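Visitor: upload_26.txt is reproduced in full below (compact mmCIF, C-alpha atoms).
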# COMPACT_ATOMS: atom_id res chain seq x y z
CA MET A 1 153.72 4.38 -1.82
CA ASN A 2 155.22 7.64 -0.59
CA LEU A 3 154.33 10.53 -2.93
CA LEU A 4 156.30 13.20 -1.04
CA PRO A 5 159.82 13.97 -2.24
CA ASP A 6 162.66 12.83 -0.04
CA PRO A 7 164.11 15.66 2.06
CA ASP A 8 167.30 17.14 0.82
CA PRO A 9 169.89 16.74 3.63
CA LEU A 10 171.74 19.83 2.39
CA HIS A 11 168.63 22.10 2.34
CA GLN A 12 166.54 21.29 5.43
CA GLU A 13 163.77 23.59 6.66
CA PRO A 14 164.53 25.18 10.04
CA SER A 15 162.64 23.81 13.01
CA PRO A 16 160.27 26.13 14.96
CA ALA A 17 162.69 26.23 17.91
CA SER A 18 165.66 27.23 15.78
CA ALA A 19 163.57 29.81 13.96
CA TRP A 20 162.65 31.39 17.31
CA SER A 21 166.31 31.38 18.38
CA GLU A 22 167.37 33.15 15.22
CA ALA A 23 164.65 35.76 15.62
CA HIS A 24 165.35 36.30 19.33
CA PRO A 25 169.06 35.82 19.94
CA PRO A 26 170.04 35.40 23.65
CA ALA A 27 171.71 38.26 25.47
CA PRO A 28 175.48 37.92 25.62
CA PHE A 29 177.06 36.80 28.90
CA PRO A 30 178.89 39.47 30.88
CA GLU A 31 182.10 37.55 30.42
CA GLU A 32 181.95 37.92 26.62
CA GLU A 33 184.01 40.65 25.10
CA GLY A 34 182.11 43.86 24.57
CA ALA A 35 179.14 42.84 26.73
CA ALA A 36 178.27 45.17 29.62
CA PRO A 37 177.46 43.41 32.92
CA GLU A 38 173.83 43.62 33.94
CA PRO A 39 173.10 45.21 37.34
CA PRO A 40 172.29 42.56 39.95
CA GLU A 41 168.71 42.35 41.03
CA SER A 42 167.95 42.99 44.68
CA ALA A 43 167.35 39.94 46.81
CA PHE A 44 164.11 41.54 47.94
CA GLN A 45 162.73 42.80 44.59
CA ALA A 46 161.88 41.54 41.08
CA SER A 47 161.37 43.33 37.74
CA ASN A 48 157.89 44.45 36.75
CA PRO A 49 157.76 45.05 32.98
CA ARG A 50 154.02 45.65 32.83
CA ASP A 51 153.92 48.96 34.66
CA GLY A 52 157.30 50.19 33.44
CA SER A 53 158.85 50.29 36.89
CA ASP A 54 162.23 48.74 37.50
CA THR A 55 161.40 46.80 40.64
CA GLN A 56 158.54 45.71 42.82
CA PRO A 57 158.41 43.84 46.17
CA LEU A 58 158.33 40.10 46.16
CA LEU A 59 154.95 38.50 46.78
CA PHE A 60 155.60 37.42 50.39
CA GLN A 61 158.09 40.09 51.40
CA SER A 62 155.65 41.84 53.77
CA PHE A 63 155.01 38.57 55.55
CA LEU A 64 158.63 37.50 55.79
CA GLN A 65 159.83 40.92 57.07
CA LEU A 66 163.26 40.40 55.62
CA GLU A 67 165.97 42.68 57.05
CA PRO A 68 169.66 43.14 56.27
CA LEU A 69 171.83 40.86 58.34
CA SER A 70 173.89 42.48 61.10
CA ALA A 71 176.30 41.21 63.71
CA PRO A 72 174.48 40.13 66.88
CA ARG A 73 174.89 42.27 69.96
CA ILE A 74 175.83 40.18 72.99
CA PRO A 75 175.12 39.58 75.78
CA HIS A 76 171.37 40.10 75.37
CA MET A 77 168.41 39.37 77.68
CA GLY A 78 168.39 35.68 76.88
CA HIS A 79 172.02 35.40 77.95
CA LEU A 80 171.26 37.37 81.12
CA CYS A 81 168.45 34.94 82.01
CA LEU A 82 170.82 32.04 81.46
CA LEU A 83 173.37 33.70 83.75
CA LEU A 84 170.69 34.08 86.43
CA ALA A 85 169.92 30.36 86.13
CA LEU A 86 173.61 29.60 86.64
CA ALA A 87 173.64 32.00 89.60
CA PHE A 88 170.74 30.11 91.13
CA ALA A 89 172.77 26.91 90.87
CA GLY A 90 175.68 28.75 92.50
CA ALA A 91 173.44 29.98 95.32
CA VAL A 92 172.16 26.46 95.96
CA THR A 93 175.73 25.18 96.08
CA ALA A 94 176.75 27.93 98.51
CA SER A 95 173.74 27.21 100.73
CA LEU A 96 174.52 23.50 100.87
CA LEU A 97 178.14 24.17 101.78
CA THR A 98 177.06 26.64 104.45
CA ARG A 99 174.69 24.07 105.97
CA ALA A 100 177.48 21.52 105.99
CA ALA A 101 179.84 23.99 107.69
CA LEU A 102 177.23 24.80 110.34
CA TYR A 103 176.65 21.12 110.96
CA PHE A 104 180.33 20.68 111.81
CA HIS A 105 180.46 24.01 113.73
CA LEU A 106 183.18 25.33 111.44
CA PHE A 107 184.90 28.44 112.88
CA GLY A 108 182.79 27.99 116.03
CA VAL A 109 179.56 28.96 114.25
CA SER A 110 176.48 26.77 114.61
CA THR A 111 173.47 28.97 113.69
CA ILE A 112 172.40 30.95 110.64
CA LYS A 113 172.19 34.13 112.73
CA GLN A 114 175.82 33.79 113.71
CA ALA A 115 176.84 32.97 110.14
CA ILE A 116 175.30 36.23 108.82
CA THR A 117 177.83 38.33 110.73
CA ASP A 118 180.78 35.94 110.50
CA ILE A 119 183.30 37.01 107.89
CA HIS A 120 184.25 33.43 106.97
CA TYR A 121 180.67 32.54 106.11
CA THR A 122 179.69 35.79 104.40
CA LEU A 123 182.75 36.02 102.17
CA GLY A 124 183.00 32.25 101.76
CA GLY A 125 179.41 31.95 100.59
CA MET A 126 179.81 34.88 98.20
CA ALA A 127 183.02 33.43 96.79
CA VAL A 128 181.35 30.06 96.17
CA LEU A 129 178.40 31.81 94.47
CA TYR A 130 180.67 33.77 92.17
CA LEU A 131 183.04 30.93 91.33
CA VAL A 132 180.29 28.39 90.56
CA THR A 133 178.30 30.89 88.48
CA PHE A 134 181.13 32.14 86.32
CA GLY A 135 182.97 28.84 86.25
CA ALA A 136 179.92 27.41 84.48
CA ALA A 137 179.43 30.55 82.37
CA TYR A 138 183.01 30.34 81.11
CA PHE A 139 182.18 27.03 79.40
CA VAL A 140 178.51 27.57 78.48
CA PHE A 141 178.49 30.95 76.73
CA PRO A 142 181.30 30.40 74.19
CA ALA A 143 179.16 27.66 72.65
CA LEU A 144 176.35 30.20 72.13
CA TRP A 145 178.47 33.16 71.10
CA HIS A 146 180.95 31.29 68.89
CA LYS A 147 183.71 33.29 70.53
CA GLY A 148 185.60 33.20 73.81
CA PHE A 149 183.87 34.21 77.05
CA PHE A 150 186.07 37.23 77.72
CA GLY A 151 185.76 38.33 74.11
CA GLY A 152 181.98 38.18 74.37
CA VAL A 153 181.86 40.43 77.43
CA GLN A 154 184.52 42.76 75.94
CA LEU A 155 187.06 42.35 78.73
CA ARG A 156 189.85 44.06 76.71
CA ILE A 157 192.54 44.17 79.37
CA HIS A 158 194.99 46.02 77.11
CA THR A 159 192.61 48.98 76.90
CA ALA A 160 192.31 49.18 80.70
CA LEU A 161 196.08 49.04 81.15
CA HIS A 162 196.57 51.75 78.55
CA LEU A 163 194.08 54.01 80.38
CA ARG A 164 195.12 53.03 83.93
CA ARG A 165 196.10 56.56 85.01
CA ARG A 166 192.88 58.10 83.81
CA LEU A 167 190.86 55.31 85.39
CA PHE A 168 192.61 55.83 88.72
CA GLY A 169 191.93 59.55 88.41
CA ALA A 170 188.23 58.81 87.88
CA ALA A 171 188.31 56.59 90.98
CA VAL A 172 189.83 59.47 92.97
CA LEU A 173 186.95 61.72 91.90
CA CYS A 174 184.45 59.11 93.08
CA PHE A 175 186.37 58.81 96.36
CA LEU A 176 186.15 62.59 96.89
CA LEU A 177 182.44 62.35 96.14
CA ALA A 178 182.17 59.65 98.81
CA LEU A 179 183.88 61.92 101.36
CA ALA A 180 181.48 64.76 100.54
CA ASN A 181 178.53 62.40 100.75
CA GLY A 182 179.67 61.19 104.17
CA MET A 183 179.78 64.77 105.48
CA LEU A 184 176.53 65.98 103.91
CA MET A 185 174.43 62.80 104.19
CA PRO A 186 176.09 60.56 106.81
CA GLY A 187 174.84 57.00 107.12
CA PRO A 188 173.74 55.26 110.34
CA LYS A 189 176.18 53.82 112.84
CA ASP A 190 176.64 50.12 113.59
CA THR A 191 175.51 48.94 110.15
CA PRO A 192 175.89 45.26 109.17
CA ILE A 193 179.19 46.02 107.45
CA ASP A 194 180.40 47.76 110.61
CA GLN A 195 179.58 44.63 112.60
CA ILE A 196 181.74 42.57 110.25
CA PHE A 197 184.71 44.87 110.96
CA ARG A 198 185.00 43.71 114.55
CA SER A 199 188.37 42.06 114.30
CA PRO A 200 191.55 42.93 112.40
CA GLY A 201 191.43 39.56 110.65
CA ALA A 202 187.93 40.23 109.28
CA ALA A 203 188.94 43.72 108.19
CA TRP A 204 191.95 42.43 106.26
CA LEU A 205 189.82 39.77 104.57
CA MET A 206 187.33 42.42 103.53
CA PHE A 207 190.17 44.59 102.27
CA PHE A 208 191.58 41.93 99.93
CA PHE A 209 188.15 40.69 98.84
CA GLY A 210 187.02 44.26 98.14
CA ILE A 211 189.87 45.02 95.76
CA SER A 212 189.99 41.67 93.97
CA MET A 213 187.01 39.31 93.74
CA ALA A 214 184.26 41.85 94.42
CA PRO A 215 185.16 44.27 91.58
CA PHE A 216 185.78 41.45 89.12
CA PHE A 217 182.53 39.55 89.66
CA GLU A 218 180.28 42.55 90.34
CA GLU A 219 181.43 44.22 87.15
CA MET A 220 180.96 40.95 85.28
CA ILE A 221 177.34 40.81 86.44
CA PHE A 222 176.29 44.44 86.15
CA ARG A 223 178.50 45.94 83.45
CA GLY A 224 179.33 42.68 81.65
CA PHE A 225 175.81 41.24 81.29
CA LEU A 226 173.06 43.51 82.65
CA LEU A 227 174.17 46.78 81.03
CA PRO A 228 174.61 45.37 77.48
CA ALA A 229 171.37 43.39 77.78
CA LEU A 230 169.39 46.51 78.75
CA CYS A 231 170.99 48.60 75.99
CA THR A 232 170.26 45.95 73.38
CA SER A 233 166.66 45.54 74.62
CA TRP A 234 166.02 49.28 74.28
CA ASP A 235 167.37 49.42 70.74
CA TRP A 236 165.57 46.20 69.80
CA ALA A 237 162.23 47.66 70.92
CA ALA A 238 162.92 51.01 69.23
CA GLU A 239 163.89 49.33 65.95
CA ARG A 240 160.61 47.44 65.80
CA LEU A 241 158.44 50.36 66.85
CA THR A 242 160.00 52.79 64.37
CA GLY A 243 160.99 50.34 61.62
CA GLY A 244 164.64 51.34 61.87
CA TYR A 245 167.66 49.13 61.34
CA SER A 246 169.95 47.62 63.93
CA LEU A 247 173.22 49.41 64.64
CA GLY A 248 174.84 45.99 64.93
CA ALA A 249 178.56 46.09 65.60
CA ASP A 250 181.46 48.32 64.63
CA GLU A 251 184.44 47.39 62.47
CA ASN A 252 186.06 45.64 65.44
CA GLY A 253 183.00 43.52 66.17
CA HIS A 254 182.04 45.51 69.27
CA PRO A 255 178.29 46.07 69.80
CA GLU A 256 176.91 49.53 69.05
CA TRP A 257 173.99 51.14 70.92
CA SER A 258 172.10 54.39 70.62
CA THR A 259 172.60 57.19 73.17
CA LYS A 260 169.11 56.69 74.59
CA ALA A 261 169.79 52.99 75.03
CA MET A 262 173.01 53.67 76.92
CA VAL A 263 171.31 56.19 79.23
CA PHE A 264 168.46 53.77 79.92
CA GLY A 265 170.83 50.86 80.49
CA SER A 266 173.08 52.86 82.83
CA ILE A 267 170.21 54.01 85.04
CA PHE A 268 168.56 50.63 85.36
CA THR A 269 171.90 48.93 85.93
CA SER A 270 172.75 51.31 88.76
CA ILE A 271 169.48 50.81 90.65
CA PRO A 272 169.97 47.08 91.39
CA PHE A 273 173.69 47.69 91.94
CA ALA A 274 172.88 50.15 94.74
CA LEU A 275 170.13 47.95 96.19
CA MET A 276 172.50 44.97 96.34
CA HIS A 277 174.66 46.93 98.82
CA ALA A 278 171.70 48.45 100.67
CA ASP A 279 171.71 45.92 103.52
CA GLN A 280 175.38 46.55 104.19
CA THR A 281 174.77 50.29 104.66
CA GLY A 282 171.54 50.04 106.67
CA ARG A 283 169.42 51.17 103.68
CA ALA A 284 170.32 54.80 104.34
CA VAL A 285 169.52 57.33 101.61
CA GLY A 286 172.97 58.93 101.54
CA PRO A 287 174.98 55.74 100.88
CA LEU A 288 172.36 54.54 98.35
CA LEU A 289 172.62 57.79 96.42
CA LEU A 290 176.41 57.54 96.46
CA LEU A 291 176.29 53.98 95.16
CA MET A 292 173.98 55.07 92.34
CA LEU A 293 176.37 57.84 91.27
CA VAL A 294 179.43 55.59 91.45
CA SER A 295 177.62 52.94 89.40
CA LEU A 296 176.68 55.53 86.75
CA ALA A 297 180.35 56.50 86.52
CA LEU A 298 181.33 52.84 86.10
CA CYS A 299 178.71 52.40 83.38
CA TRP A 300 180.03 55.48 81.59
CA ILE A 301 183.59 54.14 81.70
CA ARG A 302 182.45 50.75 80.44
CA LEU A 303 180.55 52.25 77.51
CA ILE A 304 183.04 54.85 76.29
CA THR A 305 186.05 52.51 76.50
CA ARG A 306 184.22 49.38 75.27
CA SER A 307 186.26 47.60 77.96
CA LEU A 308 184.87 45.69 80.93
CA ALA A 309 188.36 45.53 82.41
CA ALA A 310 188.36 49.34 82.52
CA SER A 311 185.33 49.48 84.83
CA MET A 312 186.84 46.62 86.88
CA LEU A 313 190.08 48.56 87.36
CA MET A 314 188.23 51.73 88.31
CA HIS A 315 185.99 49.80 90.72
CA ALA A 316 189.00 48.12 92.36
CA SER A 317 190.80 51.47 92.64
CA TYR A 318 187.77 53.09 94.26
CA ASN A 319 187.45 50.27 96.81
CA PHE A 320 191.21 50.46 97.44
CA LEU A 321 190.92 54.15 98.31
CA LEU A 322 188.00 53.54 100.67
CA PHE A 323 189.71 50.67 102.49
CA SER A 324 193.01 52.56 102.60
CA MET A 325 191.29 55.45 104.37
CA MET A 326 189.88 52.97 106.91
CA LEU A 327 193.27 51.30 107.20
CA ILE A 328 195.01 54.59 107.97
CA GLY A 329 192.26 55.82 110.30
CA THR A 330 192.36 52.69 112.45
CA GLY A 331 196.12 52.27 112.60
CA GLY A 332 196.24 49.21 110.38
CA PHE A 333 192.86 47.90 111.57
CA ARG A 334 194.16 47.70 115.14
CA HIS A 335 191.78 50.35 116.54
CA LEU A 336 188.51 49.59 114.85
CA SER A 337 186.61 51.67 117.42
CA HIS A 338 187.91 54.77 115.60
CA MET A 339 185.80 53.95 112.55
Rewrite the coordinates I just gave you, this time as structure tokens.
Guide:
Amino acid sequence: MNLLPDPDPLHQEPSPASAWSEAHPPAPFPEEEGAAPEPPESAFQASNPRDGSDTQPLLFQSFLQLEPLSAPRIPHMGHLCLLLALAFAGAVTASLLTRAALYFHLFGVSTIKQAITDIHYTLGGMAVLYLVTFGAAYFVFPALWHKGFFGGVQLRIHTALHLRRRLFGAAVLCFLLALANGMLMPGPKDTPIDQIFRSPGAAWLMFFFGISMAPFFEEMIFRGFLLPALCTSWDWAAERLTGGYSLGADENGHPEWSTKAMVFGSIFTSIPFALMHADQTGRAVGPLLLLMLVSLALCWIRLITRSLAASMLMHASYNFLLFSMMLIGTGGFRHLSHM
């Protein structure tokens, strides 16, 4: 027999949960009228009511080393290494084609020694190397960069065309520097490049190659990949040594570097650029110094314009002036003994 009175449905006692809710009403949502929005908590911090401070680091923040996200700067060293791997494949392809041409005595050449001074083999092998390397790069790098190849290397043709007169003027200054260098520090006679200029046909081939393919692909290698990679590596190391933040990219998505990074990158881009041409000039000090200075000027143009096409146009203009002087001095490459 139940001795307790039946509960009155109209006068029930509040449950413990409802009593707590009435005593501690929830904070209004920001969307409700009259409610002020609460400031968002940082993704890297949490409130600490016990010591009265507003925020404290998360438990594992020091281990995770969380940093603000920034746009990646490309190309970097990893991309440069990949380009070198593609260049190795291009060099192997060029070597195999050269061996095949020697086997069939193409252009009357049958030995490697003859091929070294034959314009068809030297320029042909270089053209194959460049075309295979950058033909593959054109399809490989967009998948890594999530943007077009020419956008990744900052080609920006419109900028170069807009600055064409100034770029040609800079090329003229480099040409005058080359003339002064030739008078003050003349190079040796009968260098490998002089041996190539033994026939008008070879000279004309060098002329067209020097103002077209050579500036395009050399700038792509040195100012398109090596210079940005060195600049990014310097800033990357400095950011981790000093605890600073990455400069990332500007409002147009173009990579930003510190002044020290650009100086470092320009110097160590110019050294291999000069050494690449050392064999052609007999490894003389004067021509090597000139090549270093010209390369520094090309790096400066590339960095201040943020346009690889600008350094290409200046490079092509400089080569055009050099070959034009040779063209005029030899009567249209008919009197090569006057060189």
Visitor: Give one line per residue of stretch 84-194 of chain A that approaches stretch 297-302 of chain A to at most 9 Å, naming the two atoms of the closest pair and their distance in Å to one decimal, counting all atoms listed in the file; sort by chain then ascending residue number and deliver it as a tab-separated table.
Guide:
residue	atom	partner	partner_atom	distance
A:Leu167	CA	A:Ile301	CA	8.2
A:Ala170	CA	A:Ala297	CA	8.3
A:Cys174	CA	A:Ala297	CA	8.2
Visitor: What gap, in Å, lies between atom CA of A:Thr305 and atom CA of A:Gln154?
Guide: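 These atoms are spaced 9.9 Å apart.
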Visitor: Can you tell me which residues surround stretch 272-280 of chain A at a distance of at most 10 Å, considering only C-alpha atoms, apart from same-chain residues fewer than 5 positions away, and format the answer as JSON, numbers by chain?
Guide: {"A": [191, 192, 193, 194, 195, 196, 218, 219, 221, 222, 223, 226, 267, 285, 287, 288, 289, 290, 291, 292, 293, 294, 295, 296]}
Visitor: When distances are computed from all atoms listed in the file, which of A:Gly224, A:Pro200, A:Gly244, A:Gly286 shows the smallest separation from A:Leu179?
Guide: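 Using all atoms listed in the file, the shortest distance to A:Leu179 belongs to A:Gly286.
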Visitor: Which distance in Å separates atom CA of A:Gly169 and atom CA of A:Gly329, to one decimal?
Guide: 22.2 Å
Visitor: Counting all atoms listed in the file, which of A:Ala171, A:Ala160, A:Leu97, A:Ala284 gets nearest to A:Pro188?
Guide: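 Using all atoms listed in the file, the shortest distance to A:Pro188 belongs to A:Ala284.
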Visitor: For A:Lys147, which residue out of A:Val172, A:Leu131, A:Leu106, A:Ile74 is the nearest one, using all atoms listed in the file?
Guide: A:Ile74
Visitor: For A:Thr122, which residue out of A:Leu161, A:Cys231, A:Met77, A:Leu205 is the nearest one, using all atoms listed in the file?
Guide: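 Among the listed residues, the smallest separation from A:Thr122 belongs to A:Leu205.
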Visitor: What does the distance between atom CA of A:Pro228 and atom CA of A:Ala94 come to in Å, to one decimal place?
Guide: 27.4 Å
Visitor: Nearest to A:Gly78 among A:Trp145, A:Phe268, A:Phe150, A:Phe217, with distances taken over only C-alpha atoms: which residue is it?
Guide: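 Checking each of A:Trp145, A:Phe268, A:Phe150, A:Phe217 against A:Gly78, counting only C-alpha atoms, the winner is A:Trp145.
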